[in-house]
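Engineer: So I've got this file, protein17.txt, and it contains compact mmCIF, C-alpha atoms:
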# COMPACT_ATOMS: atom_id res chain seq x y z
CA MET A 3 -1.24 34.26 127.18
CA PRO A 4 2.27 35.79 126.98
CA ALA A 5 2.61 39.52 127.33
CA ASN A 6 4.89 40.05 124.29
CA VAL A 7 5.65 43.63 125.30
CA THR A 8 7.31 46.05 122.91
CA PRO A 9 10.83 47.50 123.13
CA GLU A 10 9.20 50.89 123.81
CA TYR A 11 7.43 49.44 126.81
CA LEU A 12 10.60 47.84 128.16
CA LYS A 13 12.47 51.12 127.80
CA ALA A 14 9.69 52.97 129.67
CA GLU A 15 9.75 50.30 132.37
CA ASP A 16 13.51 50.74 132.84
CA THR A 17 12.98 54.50 133.08
CA TYR A 18 10.32 53.96 135.75
CA LYS A 19 12.56 51.70 137.80
CA SER A 20 15.42 54.21 137.74
CA ALA A 21 13.23 57.31 138.23
CA LYS A 22 14.00 59.31 141.35
CA SER A 23 11.22 61.90 141.36
CA THR A 24 7.46 61.43 141.42
CA LYS A 25 7.10 63.39 138.19
CA GLU A 26 9.61 61.13 136.40
CA LYS A 27 7.73 58.06 137.63
CA LEU A 28 4.41 59.46 136.43
CA VAL A 29 5.77 60.18 132.95
CA ALA A 30 7.27 56.69 132.73
CA LEU A 31 4.07 55.02 133.90
CA GLU A 32 2.00 56.97 131.39
CA LEU A 33 4.37 55.81 128.64
CA MET A 34 4.21 52.23 129.89
CA LEU A 35 0.41 52.33 129.79
CA SER A 36 0.33 53.80 126.28
CA THR A 37 2.87 51.34 124.82
CA ILE A 38 1.84 48.07 126.47
CA PRO A 39 -0.02 45.75 124.06
CA LYS A 40 -3.73 45.76 124.83
CA HIS A 41 -4.83 42.12 125.09
CA LYS A 42 -5.92 39.62 127.73
CA GLY A 43 -2.35 38.54 128.47
CA THR A 44 -1.43 42.02 129.72
CA GLU A 45 -4.61 42.88 131.61
CA LYS A 46 -3.12 42.34 135.06
CA MET A 47 -0.03 44.34 134.05
CA GLN A 48 -2.25 47.18 132.81
CA LEU A 49 -4.18 47.08 136.06
CA GLN A 50 -1.01 47.31 138.14
CA ILE A 51 0.20 50.29 136.10
CA LYS A 52 -3.14 52.05 136.60
CA ARG A 53 -3.04 51.39 140.33
CA ASN A 54 0.51 52.78 140.56
CA LEU A 55 -0.58 55.82 138.57
CA SER A 56 -3.56 56.38 140.84
CA LYS A 57 -1.43 56.24 143.97
CA LEU A 58 1.25 58.56 142.59
CA LYS A 59 -1.31 61.11 141.40
CA LYS A 60 -2.91 61.19 144.83
CA GLU A 61 0.54 61.86 146.33
CA VAL A 62 1.12 64.68 143.85
CA GLU A 63 -2.24 66.27 144.69
CA LYS A 64 -1.46 66.12 148.41
CA GLU A 65 1.94 67.73 147.82
CA LYS A 66 0.32 70.53 145.83
CA GLU A 67 -2.22 71.19 148.57
CA LEU A 68 0.52 71.33 151.19
CA LYS A 69 2.55 73.78 149.11
CA LYS A 70 -0.51 76.00 148.63
CA GLY A 71 -1.53 75.68 152.25
CA GLY A 72 -4.86 74.28 151.06
CA SER A 73 -5.86 77.47 149.24
CA GLY A 74 -4.86 79.86 146.52
CA GLY A 75 -3.47 78.86 143.15
CA THR A 76 -5.04 79.16 139.71
CA SER A 77 -8.72 78.32 139.43
CA PHE A 78 -10.82 77.90 136.29
CA PHE A 79 -14.09 77.56 138.20
CA VAL A 80 -17.16 78.56 136.18
CA ARG A 81 -20.43 78.85 138.08
CA LYS A 82 -23.07 76.60 136.50
CA GLU A 83 -26.05 78.34 134.98
CA GLY A 84 -29.01 77.11 132.96
CA ALA A 85 -30.14 73.50 132.57
CA ALA A 86 -26.63 72.04 132.17
CA GLN A 87 -22.98 72.92 131.65
CA VAL A 88 -21.12 71.56 128.62
CA ALA A 89 -17.38 71.86 127.93
CA LEU A 90 -16.02 72.55 124.46
CA ALA A 91 -12.72 70.66 124.66
CA GLY A 92 -10.03 70.23 122.04
CA LEU A 93 -6.49 70.99 121.04
CA PRO A 94 -5.43 74.61 120.47
CA ASN A 95 -6.83 76.10 117.25
CA SER A 96 -9.41 73.33 116.82
CA GLY A 97 -12.28 75.78 116.35
CA LYS A 98 -13.81 75.86 119.84
CA SER A 99 -14.28 79.62 120.00
CA THR A 100 -15.75 79.75 116.50
CA ILE A 101 -18.36 77.12 117.40
CA LEU A 102 -19.17 78.94 120.66
CA ASN A 103 -19.73 82.18 118.75
CA LYS A 104 -21.88 80.50 116.11
CA LEU A 105 -24.11 78.70 118.61
CA THR A 106 -24.53 81.43 121.21
CA GLY A 107 -23.93 84.73 119.42
CA LYS A 108 -21.15 85.57 121.87
CA ASP A 109 -18.22 87.55 120.49
CA VAL A 110 -15.18 85.58 121.64
CA ASP A 111 -11.77 86.48 120.21
CA ILE A 112 -10.78 84.11 117.42
CA GLY A 113 -7.24 83.78 116.16
CA HIS A 114 -5.56 81.48 113.64
CA TYR A 115 -2.94 80.60 116.21
CA ALA A 116 -2.74 78.47 119.32
CA PHE A 117 -3.89 79.53 122.81
CA THR A 118 -6.21 82.36 121.79
CA THR A 119 -8.42 81.17 124.68
CA VAL A 120 -6.50 81.38 127.96
CA LYS A 121 -9.34 80.85 130.42
CA PRO A 122 -12.78 79.16 130.31
CA THR A 123 -15.32 81.36 128.54
CA PRO A 124 -19.02 80.61 129.17
CA ALA A 125 -21.98 81.53 126.97
CA MET A 126 -25.63 80.45 126.87
CA LEU A 127 -27.15 78.30 124.13
CA GLN A 128 -30.91 78.72 123.79
CA TYR A 129 -32.63 75.42 123.04
CA LYS A 130 -36.40 74.94 122.91
CA GLY A 131 -37.31 76.63 126.16
CA ILE A 132 -34.12 75.94 128.14
CA GLN A 133 -30.64 77.39 128.34
CA ILE A 134 -27.51 75.26 128.08
CA GLN A 135 -24.25 76.77 129.27
CA LEU A 136 -21.39 76.12 126.84
CA VAL A 137 -17.87 76.70 128.15
CA ASP A 138 -15.04 77.29 125.69
CA MET A 139 -12.05 75.66 127.40
CA PRO A 140 -8.39 76.56 126.80
CA GLY A 141 -6.63 74.17 124.44
CA LEU A 142 -5.55 70.76 125.70
CA ILE A 143 -1.97 69.72 124.99
CA GLU A 144 0.02 66.55 125.43
CA GLY A 145 1.06 66.23 129.06
CA VAL A 146 -1.73 68.43 130.47
CA SER A 147 -2.62 65.59 132.84
CA LEU A 148 0.90 65.87 134.25
CA GLY A 149 0.68 69.62 134.75
CA LYS A 150 1.80 70.96 131.38
CA GLY A 151 -0.01 73.86 129.75
CA MET A 152 -3.02 74.85 131.83
CA GLY A 153 -2.57 71.62 133.81
CA GLY A 154 -4.72 70.70 136.79
CA PRO A 155 -7.07 73.72 136.76
CA LEU A 156 -8.11 73.00 133.17
CA ILE A 157 -8.78 69.31 133.82
CA SER A 158 -10.67 70.19 137.02
CA ALA A 159 -12.90 72.55 135.06
CA ILE A 160 -13.67 69.83 132.52
CA ARG A 161 -14.37 67.29 135.28
CA ALA A 162 -17.00 69.62 136.73
CA VAL A 163 -19.22 69.82 133.63
CA ASP A 164 -22.25 67.70 132.81
CA ALA A 165 -21.11 66.63 129.33
CA ILE A 166 -18.31 67.26 126.84
CA VAL A 167 -18.17 68.29 123.20
CA ILE A 168 -14.82 67.21 121.78
CA LEU A 169 -13.61 69.23 118.80
CA VAL A 170 -11.03 67.91 116.33
CA ASP A 171 -9.71 69.50 113.14
CA LEU A 172 -10.70 67.17 110.29
CA SER A 173 -8.13 68.68 107.93
CA VAL A 174 -5.07 67.75 110.01
CA ASP A 175 -4.93 64.41 111.89
CA PRO A 176 -8.23 63.97 113.77
CA VAL A 177 -7.45 60.40 114.87
CA LYS A 178 -4.18 61.42 116.52
CA ASP A 179 -5.81 64.47 118.10
CA LEU A 180 -8.75 62.48 119.48
CA ASP A 181 -6.49 59.80 120.95
CA LEU A 182 -4.39 62.49 122.64
CA ILE A 183 -7.47 64.19 124.12
CA LEU A 184 -9.00 60.95 125.41
CA SER A 185 -5.66 59.78 126.80
CA GLU A 186 -5.09 63.01 128.74
CA LEU A 187 -8.65 63.03 130.12
CA GLU A 188 -8.52 59.37 131.07
CA ALA A 189 -5.21 59.88 132.84
CA LYS A 190 -7.00 62.32 135.17
CA GLY A 191 -9.86 59.97 135.97
CA LEU A 192 -12.35 60.88 133.26
CA ARG A 193 -14.13 58.03 131.49
CA ILE A 194 -15.70 59.28 128.27
CA ASN A 195 -18.74 57.47 126.80
CA LYS A 196 -18.13 54.51 129.07
CA LYS A 197 -20.65 53.10 131.50
CA VAL A 198 -20.02 52.38 135.15
CA PRO A 199 -19.46 48.60 135.53
CA ASN A 200 -22.58 46.94 136.91
CA ILE A 201 -21.04 45.93 140.21
CA GLU A 202 -22.44 46.60 143.66
CA ILE A 203 -20.13 46.72 146.68
CA GLN A 204 -21.79 46.64 150.08
CA LYS A 205 -19.18 47.22 152.77
CA LEU A 206 -19.76 45.46 156.09
CA PRO A 207 -18.16 45.67 159.56
CA THR A 208 -17.37 41.94 159.66
CA GLY A 209 -17.81 38.71 157.74
CA GLY A 210 -15.03 38.80 155.17
CA ILE A 211 -15.60 39.07 151.42
CA GLU A 212 -18.48 37.33 149.67
CA ILE A 213 -18.74 37.41 145.87
CA ILE A 214 -22.10 36.90 144.17
CA GLY A 215 -21.97 36.29 140.42
CA GLU A 216 -18.49 34.78 140.10
CA ASN A 217 -19.50 33.34 136.71
CA PHE A 218 -19.34 36.89 135.31
CA LEU A 219 -15.60 37.23 136.01
CA VAL A 220 -13.56 37.49 132.79
CA ASP A 221 -9.99 36.11 132.77
CA CYS A 222 -9.73 36.19 136.55
CA ASN A 223 -11.11 34.39 139.58
CA SER A 224 -12.51 35.20 143.01
CA GLN A 225 -9.05 35.15 144.61
CA ASP A 226 -7.86 37.85 142.20
CA VAL A 227 -10.86 39.98 143.14
CA LYS A 228 -10.34 39.47 146.87
CA LYS A 229 -6.68 40.44 146.54
CA ILE A 230 -7.59 43.73 144.86
CA LEU A 231 -10.23 44.48 147.47
CA GLN A 232 -7.88 43.78 150.35
CA GLU A 233 -5.14 45.91 148.80
CA GLU A 234 -7.70 48.71 148.58
CA ARG A 235 -8.48 48.16 152.29
CA VAL A 236 -11.83 46.51 151.73
CA HIS A 237 -11.81 43.44 154.00
CA ASN A 238 -15.52 42.87 154.66
CA ALA A 239 -18.07 43.27 151.89
CA ILE A 240 -20.65 41.62 149.63
CA ILE A 241 -19.69 42.04 145.96
CA THR A 242 -22.58 41.55 143.51
CA ILE A 243 -21.47 41.26 139.87
CA LYS A 244 -24.28 41.61 137.32
CA GLU A 245 -22.44 41.53 133.99
CA PRO A 246 -19.14 40.26 132.52
CA VAL A 247 -16.32 42.25 134.17
CA THR A 248 -12.55 42.30 134.31
CA LEU A 249 -10.17 43.06 137.16
CA THR A 250 -9.83 46.58 135.78
CA ASP A 251 -13.60 47.03 136.13
CA ILE A 252 -13.41 45.91 139.77
CA PHE A 253 -10.59 48.36 140.45
CA GLU A 254 -12.42 51.26 138.76
CA VAL A 255 -15.61 50.66 140.75
CA LEU A 256 -13.50 51.04 143.89
CA ASP A 257 -11.98 54.29 142.63
CA SER A 258 -14.35 57.04 143.79
CA SER A 259 -12.31 59.70 141.97
CA LEU A 260 -13.46 58.55 138.52
CA GLU A 261 -15.96 60.66 136.61
CA TYR A 262 -18.09 59.23 133.78
CA LYS A 263 -19.07 61.75 131.10
CA LYS A 264 -21.08 61.62 127.90
CA ALA A 265 -19.56 63.24 124.82
CA ILE A 266 -19.98 63.83 121.09
CA ILE A 267 -17.30 64.72 118.57
CA ILE A 268 -17.53 67.77 116.33
CA GLY A 269 -15.21 67.50 113.33
CA THR A 270 -14.37 71.11 112.47
CA LYS A 271 -13.03 72.81 109.32
CA GLY A 272 -14.92 70.48 107.02
CA ASP A 273 -14.43 72.93 104.17
CA LEU A 274 -10.62 72.55 104.11
CA PRO A 275 -8.64 70.16 101.88
CA GLY A 276 -8.17 66.74 103.48
CA SER A 277 -11.20 67.04 105.77
CA LYS A 278 -13.21 64.37 103.91
CA GLU A 279 -10.39 61.86 104.28
CA GLY A 280 -9.92 62.87 107.91
CA LEU A 281 -13.59 62.24 108.63
CA GLU A 282 -13.41 58.76 107.07
CA ARG A 283 -10.38 57.84 109.19
CA LEU A 284 -12.09 59.14 112.31
CA GLU A 285 -15.31 57.21 111.62
CA ASN A 286 -13.31 54.00 111.12
CA HIS A 287 -11.37 54.63 114.35
CA VAL A 288 -14.19 55.00 116.89
CA ASP A 289 -17.50 53.24 117.35
CA ASN A 290 -18.85 54.68 120.60
CA PHE A 291 -19.01 58.36 119.59
CA LYS A 292 -21.37 60.28 117.37
CA ILE A 293 -19.35 62.42 114.97
CA ILE A 294 -20.81 65.58 113.45
CA PRO A 295 -18.70 67.13 110.68
CA VAL A 296 -19.17 70.89 110.39
CA SER A 297 -17.97 73.90 108.47
CA ALA A 298 -18.36 77.18 110.31
CA ILE A 299 -17.54 79.15 107.17
CA ASN A 300 -20.20 77.42 105.06
CA ASN A 301 -22.64 76.88 107.97
CA VAL A 302 -22.72 73.13 107.37
CA ASN A 303 -24.48 71.12 110.14
CA LEU A 304 -24.37 74.01 112.63
CA ASP A 305 -28.17 73.91 112.84
CA ILE A 306 -28.21 70.35 114.20
CA LEU A 307 -25.58 70.89 116.90
CA PRO A 308 -27.98 72.17 119.62
CA THR A 309 -30.09 69.00 119.33
CA GLU A 310 -27.00 66.77 119.35
CA ILE A 311 -25.64 68.55 122.43
CA PHE A 312 -28.99 68.23 124.20
CA SER A 313 -29.06 64.49 123.43
CA ILE A 314 -26.03 63.72 125.63
CA LEU A 315 -27.22 65.61 128.71
CA GLY A 316 -29.58 62.97 130.07
CA ILE A 317 -32.35 65.51 130.66
CA ILE A 318 -35.84 66.22 129.36
CA ARG A 319 -37.83 69.44 129.04
CA VAL A 320 -41.09 69.59 130.99
CA TYR A 321 -43.53 72.48 130.63
CA THR A 322 -45.92 73.36 133.46
CA ARG A 323 -49.32 75.01 133.52
CA SER A 324 -51.66 75.94 136.32
CA PRO A 325 -55.12 74.29 136.17
CA GLY A 326 -56.97 75.98 133.31
CA GLY A 327 -54.11 78.44 132.86
CA GLN A 328 -51.45 79.21 130.28
CA ILE A 329 -48.47 76.99 129.50
CA ASP A 330 -45.20 78.34 130.88
CA ASN A 331 -42.95 79.34 127.97
CA GLU A 332 -39.82 78.37 129.92
CA ALA A 333 -39.27 74.63 130.21
CA MET A 334 -38.24 72.92 133.43
CA PRO A 335 -35.19 70.67 132.88
CA MET A 336 -35.45 67.28 134.58
CA LYS A 337 -33.55 64.00 134.55
CA ILE A 338 -34.67 61.28 132.17
CA ASP A 339 -37.23 58.95 133.78
CA SER A 340 -38.47 61.67 136.14
CA THR A 341 -42.04 61.24 137.39
CA THR A 342 -44.94 63.63 137.87
CA LEU A 343 -44.18 63.64 141.60
CA ASP A 344 -40.56 64.61 140.86
CA ALA A 345 -41.89 67.50 138.78
CA ALA A 346 -44.22 68.60 141.59
CA LYS A 347 -41.33 68.59 144.03
CA LYS A 348 -39.22 70.71 141.70
CA VAL A 349 -41.98 73.29 141.19
CA HIS A 350 -42.79 73.75 144.88
CA LYS A 351 -42.58 71.69 148.06
CA ASN A 352 -46.27 72.28 148.82
CA LEU A 353 -47.27 70.76 145.47
CA TYR A 354 -45.11 67.77 146.34
CA LYS A 355 -46.55 67.33 149.83
CA ASN A 356 -50.19 67.80 148.77
CA PHE A 357 -50.02 66.06 145.36
CA LYS A 358 -53.28 64.34 144.35
CA PHE A 359 -52.96 63.79 140.61
CA ALA A 360 -51.71 65.43 137.44
CA ARG A 361 -52.88 65.88 133.87
CA VAL A 362 -50.35 65.37 131.10
CA TRP A 363 -50.16 66.38 127.46
CA GLY A 364 -47.39 64.98 125.29
CA ASP A 365 -45.62 61.76 124.27
CA SER A 366 -45.99 60.09 127.67
CA ALA A 367 -49.78 60.49 127.68
CA LYS A 368 -52.20 58.08 126.00
CA PHE A 369 -54.35 61.09 125.14
CA ASP A 370 -54.16 64.83 125.76
CA GLY A 371 -54.97 65.79 129.32
CA GLN A 372 -54.67 62.23 130.64
CA ARG A 373 -55.09 62.01 134.40
CA VAL A 374 -52.07 60.27 135.95
CA GLY A 375 -50.71 59.40 139.37
CA PRO A 376 -47.43 60.29 141.09
CA ASP A 377 -45.39 57.49 139.43
CA HIS A 378 -46.16 58.45 135.83
CA VAL A 379 -42.88 58.73 133.90
CA LEU A 380 -42.54 61.92 131.86
CA ARG A 381 -40.99 62.36 128.43
CA ASP A 382 -39.27 65.25 126.71
CA GLY A 383 -41.66 68.05 125.78
CA ASP A 384 -44.50 66.95 128.09
CA ILE A 385 -46.87 69.51 129.57
CA ILE A 386 -47.95 68.82 133.15
CA GLU A 387 -50.79 70.28 135.19
CA ILE A 388 -50.49 69.46 138.90
CA HIS A 389 -53.56 69.18 141.14
CA VAL A 390 -53.52 69.29 144.95
Can you turn what I pasted into structure tokens?

Structural biologist:
Amino acid sequence: MPANVTPEYLKAEDTYKSAKSTKEKLVALELMLSTIPKHKGTEKMQLQIKRNLSKLKKEVEKEKELKKGGSGGTSFFVRKEGAAQVALAGLPNSGKSTILNKLTGKDVDIGHYAFTTVKPTPAMLQYKGIQIQLVDMPGLIEGVSLGKGMGGPLISAIRAVDAIVILVDLSVDPVKDLDLILSELEAKGLRINKKVPNIEIQKLPTGGIEIIGENFLVDCNSQDVKKILQEERVHNAIITIKEPVTLTDIFEVLDSSLEYKKAIIIGTKGDLPGSKEGLERLENHVDNFKIIPVSAINNVNLDILPTEIFSILGIIRVYTRSPGGQIDNEAMPMKIDSTTLDAAKKVHKNLYKNFKFARVWGDSAKFDGQRVGPDHVLRDGDIIEIHV
């Protein structure tokens, strides 16, 4: 299939070829990636651009570390507290601070102008026995992935969280704003609401490259895969492919710097003119995000936000009780699909070592107080009584 690239792409490509500095090359490559037609005929071209971007960004990071002597510089580090840490991310004046105040009761300065928030501001959201740490992030702007605005420290702070709430102003141009946010985050190695390709790579000391599941390769062959692996200095490995994948998927599995995050979209300012139309455009534009339209002024849908935020964290709430005792009011956050033995280990190592059985009340039990073994999978809201 022919590439049929656009004049904008060709212009960006010429700029890249004539660029003298690393920064100029990065800007040109970003423009090439954003303007290249997205179809099967350009997949290998897209992959090459992404690989060049990855290499240049690593060089830039090394240069920064050398200039700083490996320390110092601006840091937006926020110590994690509670069951999980969630970033409120959006463009300046998108309503992040207002939502933080409404959900947590914190009194963060709010202004009807850009950059009211100049550093990450944490606050605790109380949700059914657990605390979720929300972090109001400074506004993202175009070029933040290249160092503009709050630059690297801001992106690093977002990379460190467990999940992301993306806020867009429904009354302006939410589609444009969302695309800008996702583009800037993706440029810094964040994959939002995407799953890790189901590919296993077992590196070996010898034996060359063996590919299992070649029939799952989409628009490429085993030689293409081997070339990528060798260019990434993987010369001996067993590659097991378990679902249809592209060359880009192979490359991204090899890139250990990528972070996969779950996110929801909050459409803010739903009370303003144009917000209804903005919501419709946004809903027609994306299909892998849940969108919650809100109005902070009229308190529309604010009550459902805690549940929606909890839903993307991949955790459950488990309540404990001592045999014959009272149920602990504070829930114990655990990963989805955790077992009774996992719960025992989290409560105390002695309970884990001496575990005999447990009694469970809740959705995972066939009846209240069911006696279960160590492999019983718990569900959200379960009550567990551990016996040793």

Engineer: Within 7 Å of stretch 131-145 of chain A, counting only C-alpha atoms, which residues qualify if same-chain residues fewer than 3 places away don't, as an MDAnalysis selection string?

Structural biologist: chainID A and resid 83:94 98:99 102 117 119:128 148:151 182 186 331:333

Engineer: What gap, in Å, lies between atom CA of A:Asn54 and atom CA of A:Leu31?

Structural biologist: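 Interatomic distance, atom CA of A:Asn54 to atom CA of A:Leu31: 7.9 Å.
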
Engineer: Using only C-alpha atoms, which of the listed residues (A:Asn200, A:Thr309, A:Thr37, A:Asn223) sits closest to A:Ile51?

Structural biologist: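 Of A:Asn200, A:Thr309, A:Thr37, A:Asn223, the one nearest A:Ile51 is A:Thr37, counting only C-alpha atoms.
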
Engineer: Near stretch 271-282 of chain A, counting only C-alpha atoms, which residues have an atom at most 6 Å away, once you skip same-chain residues fewer than 4 positions from it, shown as a ChimeraX atom specification?

Structural biologist: /A:172-173,296-297

Engineer: Counting all atoms listed in the file, which residue out of A:Ala14, A:Met47, A:Leu353, A:Leu180 sits closest to A:Ser96?

Structural biologist: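 Answer, going by the shortest atom-to-atom distance: A:Leu180.
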
Engineer: Enclose all atoms of stretch 284-294 of chain A listed in the file in an axis-aligned box, grow every side by 4 Å, and hand back centre and edge lengths in Å to one decimal, as lines of an AutoDock Vina configuration file.

Structural biologist:
center_x = -16.4
center_y = 59.4
center_z = 115.9
size_x = 18.0
size_y = 20.3
size_z = 17.5

Engineer: Rounded to one decimal in Å, what is the spacing between atom CA of A:Asp370 and atom CA of A:His350?

Structural biologist: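 Result for atom CA of A:Asp370 versus atom CA of A:His350: 24.0 Å, one decimal.
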
Engineer: Compare A:Leu169, A:Leu343, A:Val163, A:Ile252 by their minimum atom-to-atom distance to A:Ile213, counting all atoms listed in the file, and give me the closest one.

Structural biologist: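 For A:Ile213, the nearest of the given residues is A:Ile252.
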
Engineer: Leaving out A:Glu202 and any residue of its chain fewer than 2 positions from it, which residues lie within 9 Å of it when counting only C-alpha atoms, given as a count of residues only?

Structural biologist: 9

Engineer: From the set A:Ile194, A:Ile386, A:Leu184, A:Ile168, which residue has the shortest atom-to-atom contact distance to A:Ile101, counting all atoms listed in the file?

Structural biologist: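 Going through A:Ile194, A:Ile386, A:Leu184, A:Ile168 one by one, the smallest distance to A:Ile101 is for A:Ile168.
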
Engineer: For the atom pair atom CA of A:Pro308 and atom CA of A:Ile329, what is the interatomic distance in Å to one decimal place?

Structural biologist: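 These atoms are spaced 23.3 Å apart.
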
Engineer: For A:Ser185, which residue among A:Gln48, A:Ser147, A:Ser324, A:Asn352 is the nearest when counting all atoms listed in the file?

Structural biologist: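 Closest residue, counting all atoms listed in the file: A:Ser147.
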
Engineer: Excluding same-chain residues fewer than 3 positions from A:Gly364, what lies within 12 Å of it counting all atoms listed in the file, as an NGL selection string?

Structural biologist: :A and (319-322 or 361 or 367-372 or 379-387)

Engineer: Nearest residue to A:Lys57 out of A:Glu234, A:Ala298, A:Val177, A:Val198, using all atoms listed in the file?

Structural biologist: A:Glu234

Engineer: Considering all atoms listed in the file, return as a PyMOL selection string whatever protein or nucleic-acid residues lie within 12 Å of A:Leu256, sequence-local ones (same chain, fewer than 2 positions apart) excluded.

Structural biologist: chain A and resi 53+56+198-199+201-205+227+230-236+241+249-254+258-260

Engineer: Would you fill out stretch 31-44 of chain A with N, CA, C and O atoms and return it as a short mmCIF file (atom, residue, chain, number, x, y, z; two decimals), keeping the file's coordinate frame?

Structural biologist:
data_model
loop_
_atom_site.label_atom_id
_atom_site.label_comp_id
_atom_site.auth_asym_id
_atom_site.auth_seq_id
_atom_site.Cartn_x
_atom_site.Cartn_y
_atom_site.Cartn_z
N LEU A 31 5.25 55.86 133.80
CA LEU A 31 4.07 55.02 133.90
C LEU A 31 3.06 55.32 132.80
O LEU A 31 2.45 54.40 132.24
N GLU A 32 2.89 56.59 132.48
CA GLU A 32 2.00 56.97 131.39
C GLU A 32 2.49 56.36 130.07
O GLU A 32 1.69 55.86 129.26
N LEU A 33 3.80 56.38 129.86
CA LEU A 33 4.37 55.81 128.64
C LEU A 33 4.23 54.29 128.63
O LEU A 33 3.93 53.69 127.59
N MET A 34 4.40 53.68 129.79
CA MET A 34 4.21 52.23 129.89
C MET A 34 2.77 51.85 129.52
O MET A 34 2.53 50.88 128.79
N LEU A 35 1.82 52.63 130.04
CA LEU A 35 0.41 52.33 129.79
C LEU A 35 0.05 52.52 128.32
O LEU A 35 -0.75 51.78 127.76
N SER A 36 0.66 53.51 127.68
CA SER A 36 0.33 53.80 126.28
C SER A 36 1.02 52.84 125.31
O SER A 36 0.55 52.65 124.18
N THR A 37 2.12 52.20 125.73
CA THR A 37 2.87 51.34 124.82
C THR A 37 2.66 49.85 125.07
O THR A 37 3.05 49.03 124.24
N ILE A 38 2.05 49.49 126.19
CA ILE A 38 1.84 48.07 126.47
C ILE A 38 0.78 47.51 125.52
O ILE A 38 -0.23 48.15 125.25
N PRO A 39 1.00 46.35 124.95
CA PRO A 39 -0.02 45.75 124.06
C PRO A 39 -1.33 45.53 124.81
O PRO A 39 -1.32 45.08 125.96
N LYS A 40 -2.42 45.87 124.18
CA LYS A 40 -3.73 45.76 124.83
C LYS A 40 -4.38 44.42 124.45
O LYS A 40 -5.03 44.29 123.41
N HIS A 41 -4.17 43.40 125.28
CA HIS A 41 -4.83 42.12 125.09
C HIS A 41 -4.96 41.43 126.44
O HIS A 41 -4.49 41.94 127.47
N LYS A 42 -5.61 40.29 126.47
CA LYS A 42 -5.92 39.62 127.73
C LYS A 42 -4.67 39.25 128.52
O LYS A 42 -4.68 39.24 129.75
N GLY A 43 -3.57 38.94 127.79
CA GLY A 43 -2.35 38.54 128.47
C GLY A 43 -1.69 39.64 129.28
O GLY A 43 -0.86 39.37 130.15
N THR A 44 -2.04 40.90 128.99
CA THR A 44 -1.43 42.02 129.72
C THR A 44 -2.40 42.71 130.65
O THR A 44 -2.07 43.76 131.20
#
